[in-house]
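The next block holds one structure in the form of structure tokens; read it before the comments.
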Amino acid sequence: MSRESGPDLKRLWKEQPEEKNPMTLELLLDQARTVGARTRKQLALQFFLTLAVTIFGTIRFLDSSSFWLWVLIAVVLWVWTIRKAHAAYGIHQWTRPGDREVELALRDSIAFYRAELEREYRQAFYRLRPGVIVGTLAVAVVAVAAIVLAGGGSLVNLVPMLLFVAVWIAAAFYARQEARRIERELEELDRFEEESRV
Amino acid sequence: MSSLSESGNPVPSDPDALYRQAARDFGDAIDRLVRAYEREADRRPDLRQEIHLALWRSFRGFEARCSLRTWIYRVAHNVASAYVVRERRMRREAWTRLEELDRGAEPAVFETLDKAIALDRLFDLIHRLRPPDRQLMLLYLEDLDAASIGEIMGLSTANVRTRIHRVKGVLAKRYHAAWRERERR
């Protein structure tokens, strides 16, 4: 550290204590293999459980009047299993060399940060949209129920529905706050880039 | 493909060999970067692993159109940026701009400039910065020149120089004044 210019921060920075276990390719591949094996096991278990439930249910409900209801449940089960398989494939890909990571190196860090913020912003709005639809329906149901109850029923019966509406309002408010926060970050980034052009 | 890396070693063409070289030559720099992006020590291994995995996966596409160092820093900073953006939803950390830190700096912020304390305070300052300012500060501390920083961040060299001047100003206010005070005593 020089007396004239103060502490040499670059040296201080580079001489900070190091991590005890440096990462190696072997360690990394070992971790990737562990994740891959765990995913395959979970997927196999999910598949065989779904198959077993489907066979058992089909035998059980074959001559029953609820057969078509059972078919519907089985379809939902298989859709869920296929979704899980798709997610597992994503994890499997995660443990292999891929093109998505090449993108990480080809995009400069400011452009990448903007893309990440915009992705978060879209996600915040996707979370908000179903909330708006469900909430509007809930409000409509409450309104109809209120009108019906006004004709003689008790308003106490409306409490669960009102609670549901309150939860929806809170969730929508949170999603809106989240979107607003990301908007502010995007505005800050605009300012940063604006200054960079000057 | 360029034949030599920054360390003077030949750049291998095999992705696994490239990763080995990256981990060997830049492993410490990645560890410092991880510490600058993640405050909590017990969560650092996750980010560290994520960066290393992304690096290993990325080398399939390395065609030496940029230097190995630029490639590694871009991947590492981009993975770390995505991580902090994702994590911030849960943690609600307040970020600030470099200029705001500059305005609020108190010259004699440290009574003693013990190395460990100085480093802790430096990390505290870095953790408060928004990702673009944070990247600039980290690349400056890693001793990269303005042209390399510009290439990693996507800024012009002249602009990086102006911003580095501000970084130096903030650091001088917070450290050097306190350092001179201690030297006088």
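Naming works like this for the structure tokens: A, B, ... for the chains as they're shown, residue 1 at the start of each chain, ligands 1 onward in shown order.
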
Set the distance at 12 Å and use only C-alpha atoms: which residues neighbour Glu99 (chain B) once local chain neighbours fewer than 6 positions away are removed? I'd like the list as a list in words. Phe192 and Glu195 of chain A; Ala105, Leu129, Arg130, Asp133, Arg163, Ile164, His165, Arg166, Val167, Lys168, Gly169, Val170 and Leu171 of chain B

Can you spit out the residues from that selection as a JSON list (two decimals), in the first residue's frame, using N, CA and C atoms?
```json
[["chain", "number", "residue", "atom", "x", "y", "z"],
["A", 192, "PHE", "N", -28.41, 4.75, -17.32],
["A", 192, "PHE", "CA", -27.01, 4.32, -17.41],
["A", 192, "PHE", "C", -26.57, 4.33, -18.88],
["A", 195, "GLU", "N", -26.34, 7.89, -20.37],
["A", 195, "GLU", "CA", -25.09, 8.54, -19.98],
["A", 195, "GLU", "C", -23.91, 7.98, -20.76],
["B", 105, "ALA", "N", -20.75, 9.78, 0.35],
["B", 105, "ALA", "CA", -19.53, 9.26, 0.99],
["B", 105, "ALA", "C", -19.03, 10.16, 2.10],
["B", 129, "LEU", "N", -24.37, -1.89, -4.99],
["B", 129, "LEU", "CA", -24.43, -1.33, -6.35],
["B", 129, "LEU", "C", -25.35, -2.13, -7.26],
["B", 130, "ARG", "N", -25.92, -1.42, -8.24],
["B", 130, "ARG", "CA", -26.69, -2.10, -9.28],
["B", 130, "ARG", "C", -25.73, -2.89, -10.16],
["B", 133, "ASP", "N", -23.01, -1.07, -12.47],
["B", 133, "ASP", "CA", -21.96, -0.40, -11.69],
["B", 133, "ASP", "C", -21.09, -1.43, -10.97],
["B", 163, "ARG", "N", -16.21, 6.35, -16.47],
["B", 163, "ARG", "CA", -16.84, 5.67, -15.33],
["B", 163, "ARG", "C", -15.79, 5.17, -14.32],
["B", 164, "ILE", "N", -14.66, 4.74, -14.81],
["B", 164, "ILE", "CA", -13.59, 4.30, -13.90],
["B", 164, "ILE", "C", -13.12, 5.49, -13.06],
["B", 165, "HIS", "N", -13.10, 6.65, -13.68],
["B", 165, "HIS", "CA", -12.72, 7.86, -12.97],
["B", 165, "HIS", "C", -13.66, 8.06, -11.77],
["B", 166, "ARG", "N", -14.96, 7.82, -12.02],
["B", 166, "ARG", "CA", -15.95, 7.94, -10.92],
["B", 166, "ARG", "C", -15.72, 6.87, -9.85],
["B", 167, "VAL", "N", -15.43, 5.65, -10.31],
["B", 167, "VAL", "CA", -15.16, 4.56, -9.35],
["B", 167, "VAL", "C", -14.00, 4.95, -8.46],
["B", 168, "LYS", "N", -12.94, 5.46, -9.09],
["B", 168, "LYS", "CA", -11.76, 5.86, -8.31],
["B", 168, "LYS", "C", -12.12, 6.95, -7.32],
["B", 169, "GLY", "N", -12.98, 7.88, -7.77],
["B", 169, "GLY", "CA", -13.42, 8.98, -6.90],
["B", 169, "GLY", "C", -14.13, 8.47, -5.66],
["B", 170, "VAL", "N", -15.04, 7.52, -5.87],
["B", 170, "VAL", "CA", -15.79, 6.94, -4.74],
["B", 170, "VAL", "C", -14.83, 6.23, -3.80],
["B", 171, "LEU", "N", -13.94, 5.42, -4.35],
["B", 171, "LEU", "CA", -13.00, 4.66, -3.51],
["B", 171, "LEU", "C", -12.04, 5.61, -2.78]]
```

Please determine the contact residues of chain B with respect to chain A at a cut-off of 6 Å, counting only C-alpha atoms, and supply them as a ChimeraX atom specification. /B:54,57-58,61,71,74-75,78,141,152-154,159,176,179

Do you have the CA of Thr50 (chain A)-CA of Trp78 (chain A) distance handy? 7.0 Å

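Nearest-residue note for Arg48 (chain B): choosing from B:Leu125, B:Ala147, B:Ile72, B:Ala80, the minimum distance belongs to B:Ala80, counting only C-alpha atoms.
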
With distances taken over only C-alpha atoms, which of B:Leu33, B:Arg20, B:Thr96, B:Glu63 is nearest to Ile51 (chain B)? B:Leu33
